[in-house]
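Asker: I am sharing my_file20.txt, which consists of compact mmCIF, C-alpha atoms and all ligand atoms:
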```txt
# COMPACT_ATOMS: atom_id res chain seq x y z
CA MET I 1 0.00 0.00 0.00
CA MET I 2 1.85 3.10 -1.21
CA ASN I 3 0.80 6.62 -0.26
CA ASP I 4 2.53 9.87 0.72
CA ILE I 5 3.56 8.53 4.15
CA SER I 6 4.78 5.09 3.09
CA GLU I 7 6.71 6.73 0.24
CA MET I 8 8.19 9.37 2.56
CA PHE I 9 9.46 6.68 4.95
CA GLY I 10 10.24 4.04 2.30
CA VAL I 11 8.07 1.44 4.08
CA ARG I 12 5.39 -0.97 2.90
CA TYR I 13 2.56 0.18 5.17
CA PRO I 14 1.83 3.72 6.45
CA ILE I 15 2.06 2.73 10.11
CA VAL I 16 4.40 4.20 12.71
CA GLN I 17 5.07 2.51 16.04
CA GLY I 18 4.43 4.74 19.04
CA GLY I 19 7.50 6.04 20.90
CA MET I 20 6.70 4.34 24.18
CA ALA I 21 9.30 5.34 26.78
CA TRP I 22 11.18 2.34 28.29
CA VAL I 23 9.10 -0.02 26.10
CA ALA I 24 10.19 0.80 22.57
CA GLU I 25 13.78 -0.40 22.22
CA ALA I 26 15.78 -2.02 19.44
CA ASN I 27 13.97 -5.38 19.42
CA LEU I 28 10.51 -3.87 18.99
CA ALA I 29 11.62 -1.16 16.55
CA ALA I 30 13.41 -3.68 14.33
CA ALA I 31 10.45 -6.08 14.41
CA VAL I 32 8.03 -3.35 13.32
CA SER I 33 10.37 -2.19 10.55
CA ASN I 34 10.95 -5.78 9.40
CA GLY I 35 7.15 -6.17 9.35
CA GLY I 36 6.76 -3.29 6.89
CA GLY I 37 5.99 -0.41 9.27
CA LEU I 38 8.22 2.29 10.71
CA GLY I 39 9.72 0.98 13.93
CA VAL I 40 10.65 3.60 16.53
CA ILE I 41 13.15 3.59 19.38
CA ALA I 42 11.91 5.66 22.33
CA ALA I 43 14.54 7.90 23.90
CA GLY I 44 12.21 8.71 26.83
CA SER I 45 14.32 9.94 29.71
CA ALA I 46 17.40 7.89 28.71
CA SER I 47 20.85 9.28 27.89
CA ALA I 48 22.21 10.11 24.45
CA ASP I 49 24.68 7.20 24.77
CA TYR I 50 21.83 4.75 25.36
CA VAL I 51 20.04 6.06 22.27
CA ARG I 52 23.17 5.71 20.10
CA GLU I 53 23.62 2.14 21.32
CA GLN I 54 19.98 1.30 20.54
CA ILE I 55 20.28 2.82 17.05
CA ARG I 56 23.32 0.65 16.34
CA LYS I 57 21.62 -2.44 17.76
CA THR I 58 18.52 -1.80 15.61
CA ARG I 59 20.77 -1.54 12.53
CA GLU I 60 22.09 -5.02 13.33
CA LEU I 61 18.53 -6.36 13.45
CA THR I 62 17.08 -4.69 10.35
CA ASP I 63 18.18 -3.09 7.11
CA LYS I 64 14.85 -1.24 6.90
CA PRO I 65 14.28 2.41 7.86
CA PHE I 66 13.35 3.19 11.46
CA GLY I 67 12.93 6.27 13.65
CA VAL I 68 13.71 7.58 17.12
CA ASN I 69 11.16 9.33 19.33
CA VAL I 70 12.57 12.21 21.34
CA MET I 71 10.66 13.20 24.46
CA LEU I 72 11.40 16.92 24.52
CA MET I 73 10.88 17.31 28.28
CA SER I 74 13.97 15.16 28.82
CA PRO I 75 17.08 17.06 29.95
CA ALA I 76 19.04 14.96 27.41
CA ALA I 77 16.80 15.91 24.45
CA GLU I 78 19.30 18.24 22.79
CA ASP I 79 22.16 15.71 23.05
CA ILE I 80 19.88 12.99 21.71
CA LEU I 81 18.91 15.12 18.71
CA ARG I 82 22.62 15.61 18.01
CA VAL I 83 23.07 11.82 18.03
CA LEU I 84 20.21 11.45 15.53
CA CYS I 85 21.99 13.87 13.19
CA GLU I 86 25.35 12.10 13.60
CA GLU I 87 23.83 8.66 13.09
CA LYS I 88 21.68 9.91 10.21
CA VAL I 89 18.56 8.21 11.52
CA ALA I 90 15.76 8.19 8.91
CA VAL I 91 13.06 9.79 11.05
CA ALA I 92 12.74 11.72 14.31
CA THR I 93 9.33 11.76 15.94
CA THR I 94 9.02 14.13 18.89
CA GLY I 95 6.63 14.40 21.81
CA ALA I 96 5.83 16.48 24.88
CA GLY I 97 7.05 19.77 23.45
CA ASN I 98 7.75 22.04 20.48
CA PRO I 99 10.70 20.85 18.33
CA GLY I 100 10.62 23.99 16.11
CA LYS I 101 14.16 25.18 16.88
CA TYR I 102 15.71 21.81 15.96
CA VAL I 103 13.96 21.24 12.63
CA LEU I 104 16.52 22.92 10.36
CA ASN I 105 19.51 21.02 11.79
CA LEU I 106 17.75 17.68 11.64
CA LYS I 107 16.61 18.19 8.05
CA GLU I 108 20.08 19.34 6.98
CA SER I 109 21.42 16.05 8.37
CA GLY I 110 18.86 14.12 6.32
CA VAL I 111 16.60 13.30 9.30
CA LYS I 112 12.88 13.64 8.58
CA VAL I 113 11.00 15.39 11.39
CA ILE I 114 7.53 14.23 12.41
CA PRO I 115 6.36 15.93 15.64
CA VAL I 116 3.43 14.74 17.71
CA VAL I 117 1.01 17.61 18.25
CA SER I 118 -2.14 17.85 20.28
CA ASN I 119 -3.51 21.16 19.01
CA VAL I 120 -3.94 22.91 15.65
CA ALA I 121 -2.02 26.09 16.54
CA LEU I 122 1.22 24.16 17.10
CA ALA I 123 0.59 22.13 13.94
CA ILE I 124 0.42 25.31 11.86
CA ARG I 125 3.59 26.73 13.47
CA LEU I 126 5.48 23.49 12.86
CA GLU I 127 4.37 23.25 9.25
CA ARG I 128 5.90 26.72 8.76
CA SER I 129 9.14 25.55 10.38
CA GLY I 130 9.45 22.86 7.69
CA VAL I 131 8.52 19.56 9.37
CA ASN I 132 7.85 16.68 6.96
CA ALA I 133 4.57 15.45 8.46
CA LEU I 134 2.63 15.64 11.72
CA ILE I 135 1.27 13.08 14.13
CA ALA I 136 -2.14 14.21 15.42
CA GLU I 137 -2.55 12.48 18.75
CA GLY I 138 -5.93 12.25 20.42
CA CYS I 139 -6.42 11.79 24.15
CA GLU I 140 -7.40 8.13 23.72
CA SER I 141 -3.63 7.50 23.65
CA GLY I 142 -1.62 6.14 26.50
CA GLY I 143 0.99 8.22 28.31
CA HIS I 144 1.22 12.01 28.12
CA ILE I 145 -1.87 13.34 26.31
CA GLY I 146 -3.62 16.48 25.10
CA GLU I 147 -7.30 17.40 25.43
CA LEU I 148 -8.89 16.58 22.06
CA THR I 149 -10.15 13.23 20.84
CA THR I 150 -8.75 11.66 17.67
CA MET I 151 -12.16 11.86 15.97
CA ALA I 152 -12.49 15.61 16.52
CA PHE I 153 -8.81 16.51 16.17
CA VAL I 154 -7.56 14.71 13.04
CA PRO I 155 -9.91 16.36 10.50
CA GLN I 156 -9.20 19.79 12.03
CA ILE I 157 -5.45 19.34 11.55
CA VAL I 158 -5.97 17.91 8.07
CA ASP I 159 -7.93 21.06 7.14
CA ALA I 160 -5.32 23.36 8.69
CA VAL I 161 -2.08 22.09 7.07
CA ASN I 162 -0.80 20.96 3.68
CA ILE I 163 1.58 18.23 4.86
CA PRO I 164 0.63 14.59 5.56
CA VAL I 165 -1.04 13.85 8.89
CA ILE I 166 -0.68 10.61 10.83
CA ALA I 167 -3.52 9.79 13.25
CA ALA I 168 -2.73 8.48 16.72
CA GLY I 169 -4.84 7.55 19.72
CA GLY I 170 -7.51 4.86 19.63
CA VAL I 171 -6.09 2.95 16.66
CA ALA I 172 -5.54 -0.75 17.36
CA ASP I 173 -7.16 -2.67 14.52
CA GLY I 174 -8.20 -2.39 10.88
CA ARG I 175 -11.36 -0.47 11.75
CA GLY I 176 -9.21 2.18 13.42
CA VAL I 177 -6.92 2.36 10.39
CA ALA I 178 -9.89 2.73 8.03
CA ALA I 179 -11.48 5.38 10.28
CA ALA I 180 -8.19 7.34 10.42
CA PHE I 181 -8.04 7.41 6.63
CA MET I 182 -11.71 8.52 6.48
CA LEU I 183 -10.77 11.46 8.72
CA GLY I 184 -8.12 12.50 6.19
CA ALA I 185 -5.03 10.95 7.76
CA SER I 186 -2.36 9.41 5.52
CA GLY I 187 -1.10 7.01 8.16
CA VAL I 188 -1.53 5.79 11.71
CA GLN I 189 0.63 5.65 14.81
CA VAL I 190 -0.01 2.64 17.05
CA GLY I 191 1.31 2.17 20.57
CA THR I 192 -0.74 -0.08 22.80
CA ARG I 193 -1.15 -2.93 20.31
CA PHE I 194 2.61 -3.03 19.72
CA LEU I 195 3.14 -3.23 23.48
CA LEU I 196 1.71 -6.71 23.01
CA ALA I 197 4.06 -7.61 20.17
CA THR I 198 5.90 -10.86 20.85
CA GLU I 199 9.16 -8.99 20.25
CA CYS I 200 8.31 -6.30 22.81
CA THR I 201 10.45 -6.90 25.89
CA VAL I 202 8.12 -5.24 28.42
CA ALA I 203 7.64 -7.36 31.57
CA GLN I 204 4.97 -10.04 31.14
CA PRO I 205 2.74 -8.88 34.07
CA TYR I 206 2.38 -5.47 32.29
CA LYS I 207 1.36 -7.22 29.06
CA ASP I 208 -1.09 -9.41 30.99
CA ARG I 209 -2.75 -6.36 32.56
CA VAL I 210 -3.25 -4.83 29.11
CA ILE I 211 -4.68 -8.10 27.79
CA LYS I 212 -7.12 -8.30 30.73
CA ALA I 213 -8.14 -4.62 30.61
CA LYS I 214 -11.69 -3.57 29.78
CA ASP I 215 -12.93 -0.41 28.04
CA SER I 216 -13.02 1.76 31.15
CA ASP I 217 -9.86 0.52 32.84
CA THR I 218 -7.68 3.52 31.97
CA VAL I 219 -7.62 6.76 33.92
CA VAL I 220 -5.85 10.10 33.47
CA THR I 221 -3.54 11.12 36.28
CA GLY I 222 -1.76 14.47 36.55
CA ARG I 223 -4.48 16.72 35.12
CA SER I 224 -4.20 19.04 38.12
CA THR I 225 -0.43 19.37 37.65
CA GLY I 226 -0.65 20.16 33.92
CA HIS I 227 0.92 16.80 32.92
CA PRO I 228 -2.00 14.53 32.11
CA VAL I 229 -0.94 10.91 31.61
CA ARG I 230 -3.25 8.01 30.67
CA VAL I 231 -2.52 4.76 32.51
CA LEU I 232 -4.28 1.56 33.57
CA LYS I 233 -5.97 1.84 36.96
CA ASN I 234 -4.10 0.24 39.86
CA ARG I 235 -2.90 1.08 43.38
CA PHE I 236 -0.43 3.59 41.89
CA THR I 237 -3.21 5.59 40.14
CA LYS I 238 -5.35 5.56 43.30
CA GLU I 239 -2.46 7.08 45.24
CA ALA I 240 -1.63 9.54 42.44
CA LEU I 241 -5.21 10.82 42.25
CA SER I 242 -5.48 11.12 46.01
CA LEU I 243 -2.17 13.01 46.15
CA GLU I 244 -3.52 15.37 43.48
CA ARG I 245 -6.47 16.24 45.74
CA LYS I 246 -4.08 17.56 48.40
CA ALA I 247 -4.47 21.35 48.50
CA ASP I 248 -0.79 22.04 49.24
CA LEU I 249 0.72 19.54 46.77
CA SER I 250 3.86 20.90 45.14
CA LEU I 251 5.01 19.86 41.67
CA GLU I 252 8.27 18.61 43.21
CA GLU I 253 6.40 16.35 45.63
CA TYR I 254 4.27 14.94 42.79
CA GLU I 255 7.30 14.39 40.56
CA GLU I 256 9.10 12.64 43.40
CA PHE I 257 6.07 10.33 43.75
CA LEU I 258 6.14 9.57 39.97
CA SER I 259 9.87 9.02 39.82
CA GLY I 260 10.78 5.48 38.71
CA THR I 261 7.17 4.29 38.38
CA LEU I 262 7.27 3.70 34.59
CA ARG I 263 10.51 1.75 34.90
CA ALA I 264 8.98 -0.27 37.77
CA ALA I 265 6.11 -1.33 35.51
CA VAL I 266 8.09 -1.97 32.30
CA VAL I 267 11.28 -3.50 33.68
CA ASP I 268 10.26 -5.01 37.04
CA GLY I 269 6.66 -5.89 36.11
CA ASP I 270 5.37 -4.14 39.23
CA VAL I 271 1.72 -3.84 38.22
CA GLU I 272 0.58 -2.43 41.58
CA HIS I 273 3.06 0.41 42.19
CA GLY I 274 4.13 0.94 38.58
CA SER I 275 2.76 3.31 35.95
CA LEU I 276 1.05 1.11 33.34
CA MET I 277 0.78 3.58 30.48
CA SER I 278 -1.83 2.37 28.00
CA GLY I 279 -4.33 3.75 25.53
CA GLN I 280 -8.10 3.34 25.80
CA VAL I 281 -7.80 0.56 23.21
CA ALA I 282 -6.48 -1.74 25.95
CA GLY I 283 -9.99 -3.21 25.98
CA LEU I 284 -9.64 -3.98 22.26
CA VAL I 285 -6.38 -5.91 22.31
CA HIS I 286 -6.54 -9.45 23.57
CA LYS I 287 -3.37 -11.30 22.70
CA GLU I 288 0.34 -11.21 21.99
CA GLN I 289 1.32 -11.51 18.33
CA PRO I 290 4.44 -10.93 16.24
CA ALA I 291 4.71 -7.31 15.09
CA ALA I 292 4.63 -8.33 11.41
CA GLU I 293 1.36 -10.19 11.96
CA ILE I 294 -0.17 -7.20 13.79
CA ILE I 295 0.63 -4.96 10.83
CA SER I 296 -0.53 -7.26 8.03
CA GLU I 297 -3.71 -8.12 9.96
CA MET I 298 -4.54 -4.45 10.56
CA PHE I 299 -4.19 -3.49 6.90
CA ALA I 300 -6.02 -6.57 5.60
CA GLU I 301 -8.89 -5.76 7.97
CA ALA I 302 -8.87 -2.08 6.97
CA GLU I 303 -9.23 -3.06 3.33
CA LYS I 304 -12.02 -5.48 4.17
CA VAL I 305 -14.05 -3.00 6.23
CA CYS I 306 -13.69 -0.35 3.53
CA ARG I 307 -14.99 -2.81 0.94
CA GLU I 308 -17.80 -4.19 3.09
CA ARG I 309 -18.92 -1.20 5.12
CA VAL I 310 -18.02 1.90 3.11
CA LEU I 311 -17.96 1.07 -0.60
CA SER I 312 -21.23 -0.87 -0.47
CA TRP I 313 -23.57 1.42 1.42
O1 LIG H 401 4.84 12.33 24.45
C1 LIG H 401 3.82 11.68 24.38
N1 LIG H 401 3.52 10.71 25.27
C2 LIG H 401 4.33 10.34 26.30
S1 LIG H 401 5.83 10.97 26.67
C3 LIG H 401 5.95 9.97 27.98
S2 LIG H 401 7.33 9.98 29.01
C4 LIG H 401 6.66 10.47 30.45
N2 LIG H 401 7.02 9.76 31.49
C5 LIG H 401 6.54 10.06 32.68
C6 LIG H 401 5.68 11.13 32.85
C7 LIG H 401 5.31 11.88 31.78
C8 LIG H 401 5.80 11.54 30.55
C9 LIG H 401 4.86 9.20 28.09
N3 LIG H 401 3.97 9.41 27.13
N4 LIG H 401 2.91 11.87 23.41
C10 LIG H 401 3.06 12.89 22.47
C11 LIG H 401 2.47 14.15 22.94
N5 LIG H 401 3.05 15.29 22.78
N6 LIG H 401 1.31 14.28 23.60
C12 LIG H 401 1.15 15.61 23.84
C13 LIG H 401 2.27 16.24 23.30
C14 LIG H 401 2.63 17.62 23.24
C15 LIG H 401 2.43 18.45 24.34
C16 LIG H 401 2.85 19.79 24.26
C17 LIG H 401 3.22 18.11 22.09
C18 LIG H 401 3.61 19.43 22.03
C19 LIG H 401 3.42 20.25 23.11
O2 LIG H 401 3.83 21.52 22.93
C20 LIG H 401 3.87 22.40 23.97
C21 LIG H 401 4.41 23.69 23.44
O3 LIG H 401 5.52 24.02 23.83
O4 LIG H 401 3.73 24.29 22.60
```
Go ahead and render the structure in this file as structure tokens.
Answerer:
Amino acid sequence: MMNDISEMFGVRYPIVQGGMAWVAEANLAAAVSNGGGLGVIAAGSASADYVREQIRKTRELTDKPFGVNVMLMSPAAEDILRVLCEEKVAVATTGAGNPGKYVLNLKESGVKVIPVVSNVALAIRLERSGVNALIAEGCESGGHIGELTTMAFVPQIVDAVNIPVIAAGGVADGRGVAAAFMLGASGVQVGTRFLLATECTVAQPYKDRVIKAKDSDTVVTGRSTGHPVRVLKNRFTKEALSLERKADLSLEEYEEFLSGTLRAAVVDGDVEHGSLMSGQVAGLVHKEQPAAEIISEMFAEAEKVCRERVLSW
């Protein structure tokens, strides 16, 4: 399936793997790229050296293009972006901030820049700064989120810019892919379903919680602190929400409470005290599968639903 996004990335299917901090490392990124999508290494809060090592490891596992997601709130973000230029990574996706001032350098080094945005104003500004495409992320997503839903947000971005738009948030199967294209997107970004890829090295208890989750099992913590994050409900979210109700809570105290909780979930499999970031589609994903199978299944289903439900009405 060739379109502007698959041609831009040089991949078979217009699907980008979400830049899930701690979760998305070389094994998952390479598996997604080998399966015909764009695999992505998440830099998260890691060091520039870690990112360079993961880039080199991914190159040993695939000869296909892949990207790196840079979480711009990280103190190491600038060093990581320098590594992406030096290593001439195909694509940089960015999140949790405005990458405007880095766009020129990245593009001059041959790195395509695809920022995640959660409002139209930033999308317009970034189009002017020369980014190659945009990821419009709705609040159905896991992790750090904006306010708007994918359904409302994607067509508004599509109307506002003249570069390709990739829809994210709430996409986990072929129906989601088809719906994203109906909204005007040229591709999709998928996180939660790839968390259940066989090649994803996240601790098994985390995967099992996602598999067991129902539609209403995610909650958004951190709204009161200005850092809303969608996660699966557990003892950690109960404590986080109760801490947020404290009148004299300082940001430092809240950040101290959060510190290490994502690592605890992903690496140690601590599903009670850990932060189990997940999208609302957790209730839609039921099993582990190889990344390549996830991708081919999603696009086969998208084609089928378009034929059966759209083209025949
Ligand atoms: O970045 C994400 N999702 C993430 S990052 C992350 S790491 C983390 N770990 C612990 C606590 C908090 C975060 C987990 N999930 N998604 C992309 C995204 N970007 N969502 C929203 C935004 C965003 C927000 C503000 C993009 C741009 C932006 O710009 C602000 C500005 O300066 O205009």
Asker: Do you have, as JSON lines, the list of residues of chain I lying at most 6 Å from ligand LIG 401 (chain H), each with its nearest atom pair and that distance in Å to one decimal, counting only C-alpha atoms and all ligand atoms and ordered by chain then number?
Answerer:
```
{"residue": "I:Ala21", "atom": "CA", "partner": "H:LIG401", "partner_atom": "S2", "distance": 5.5}
{"residue": "I:Gly44", "atom": "CA", "partner": "H:LIG401", "partner_atom": "S2", "distance": 5.5}
{"residue": "I:Met71", "atom": "CA", "partner": "H:LIG401", "partner_atom": "S1", "distance": 5.8}
{"residue": "I:Gly95", "atom": "CA", "partner": "H:LIG401", "partner_atom": "O1", "distance": 3.8}
{"residue": "I:Ala96", "atom": "CA", "partner": "H:LIG401", "partner_atom": "N5", "distance": 3.7}
{"residue": "I:Gly97", "atom": "CA", "partner": "H:LIG401", "partner_atom": "C19", "distance": 3.7}
{"residue": "I:Asn98", "atom": "CA", "partner": "H:LIG401", "partner_atom": "O3", "distance": 4.5}
{"residue": "I:Val116", "atom": "CA", "partner": "H:LIG401", "partner_atom": "N5", "distance": 5.1}
{"residue": "I:Val117", "atom": "CA", "partner": "H:LIG401", "partner_atom": "C17", "distance": 4.5}
{"residue": "I:Ser118", "atom": "CA", "partner": "H:LIG401", "partner_atom": "C12", "distance": 5.3}
{"residue": "I:Gly143", "atom": "CA", "partner": "H:LIG401", "partner_atom": "N3", "distance": 3.4}
{"residue": "I:His144", "atom": "CA", "partner": "H:LIG401", "partner_atom": "N1", "distance": 3.9}
{"residue": "I:Ile145", "atom": "CA", "partner": "H:LIG401", "partner_atom": "N6", "distance": 4.3}
{"residue": "I:Gly146", "atom": "CA", "partner": "H:LIG401", "partner_atom": "C12", "distance": 5.0}
```
Asker: List every protein, DNA or RNA residue that has at least one atom no more than 10 Å from (-0.2, -9.0, 29.3) in the file's coordinates, counting all atoms listed in the file, and write the result as a short mmCIF file (atom, residue, chain, number, x, y, z; two decimals) with C-alpha atoms, keeping the file's coordinate frame.
Answerer:
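Now in out_26.cif:
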```
data_model
loop_
_atom_site.label_atom_id
_atom_site.label_comp_id
_atom_site.auth_asym_id
_atom_site.auth_seq_id
_atom_site.Cartn_x
_atom_site.Cartn_y
_atom_site.Cartn_z
CA LEU I 195 3.14 -3.23 23.48
CA LEU I 196 1.71 -6.71 23.01
CA VAL I 202 8.12 -5.24 28.42
CA ALA I 203 7.64 -7.36 31.57
CA GLN I 204 4.97 -10.04 31.14
CA PRO I 205 2.74 -8.88 34.07
CA TYR I 206 2.38 -5.47 32.29
CA LYS I 207 1.36 -7.22 29.06
CA ASP I 208 -1.09 -9.41 30.99
CA ARG I 209 -2.75 -6.36 32.56
CA VAL I 210 -3.25 -4.83 29.11
CA ILE I 211 -4.68 -8.10 27.79
CA LYS I 212 -7.12 -8.30 30.73
CA ALA I 213 -8.14 -4.62 30.61
CA VAL I 285 -6.38 -5.91 22.31
CA HIS I 286 -6.54 -9.45 23.57
CA LYS I 287 -3.37 -11.30 22.70
CA GLU I 288 0.34 -11.21 21.99
#
```
Asker: Restricting the calculation to all atoms listed in the file, which member of I:Ala180, I:Val154, I:Arg245, I:Ser141 is positioned closest to I:Val281?
Answerer: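 Ranked by minimum distance to I:Val281, first place goes to I:Ser141.
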Asker: Please measure the separation of atom CA of I:Ala302 and atom CA of I:Gly19, giving the value in Å to one decimal.
Answerer: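 Atom-to-atom, atom CA of I:Ala302 and atom CA of I:Gly19 are spaced 23.0 Å apart.
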Asker: Pick from I:Leu241, I:Val231, I:Ala24, I:Ala197: nearest to I:Glu293, with all atoms listed in the file counted?
Answerer: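 Nearest to I:Glu293: I:Ala197.
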Asker: I'd like the interatomic distance between atom CA of I:Ile41 and atom CA of I:Arg59, to a tenth of an Å.
Answerer: 11.5 Å
Asker: Which neighbours of I:Asp63 fall inside 10 Å, counting only C-alpha atoms, when residues of the same chain fewer than 2 positions from it are skipped, and could you give them as a ChimeraX atom specification?
Answerer: /I:30,33-34,58-61,65-66
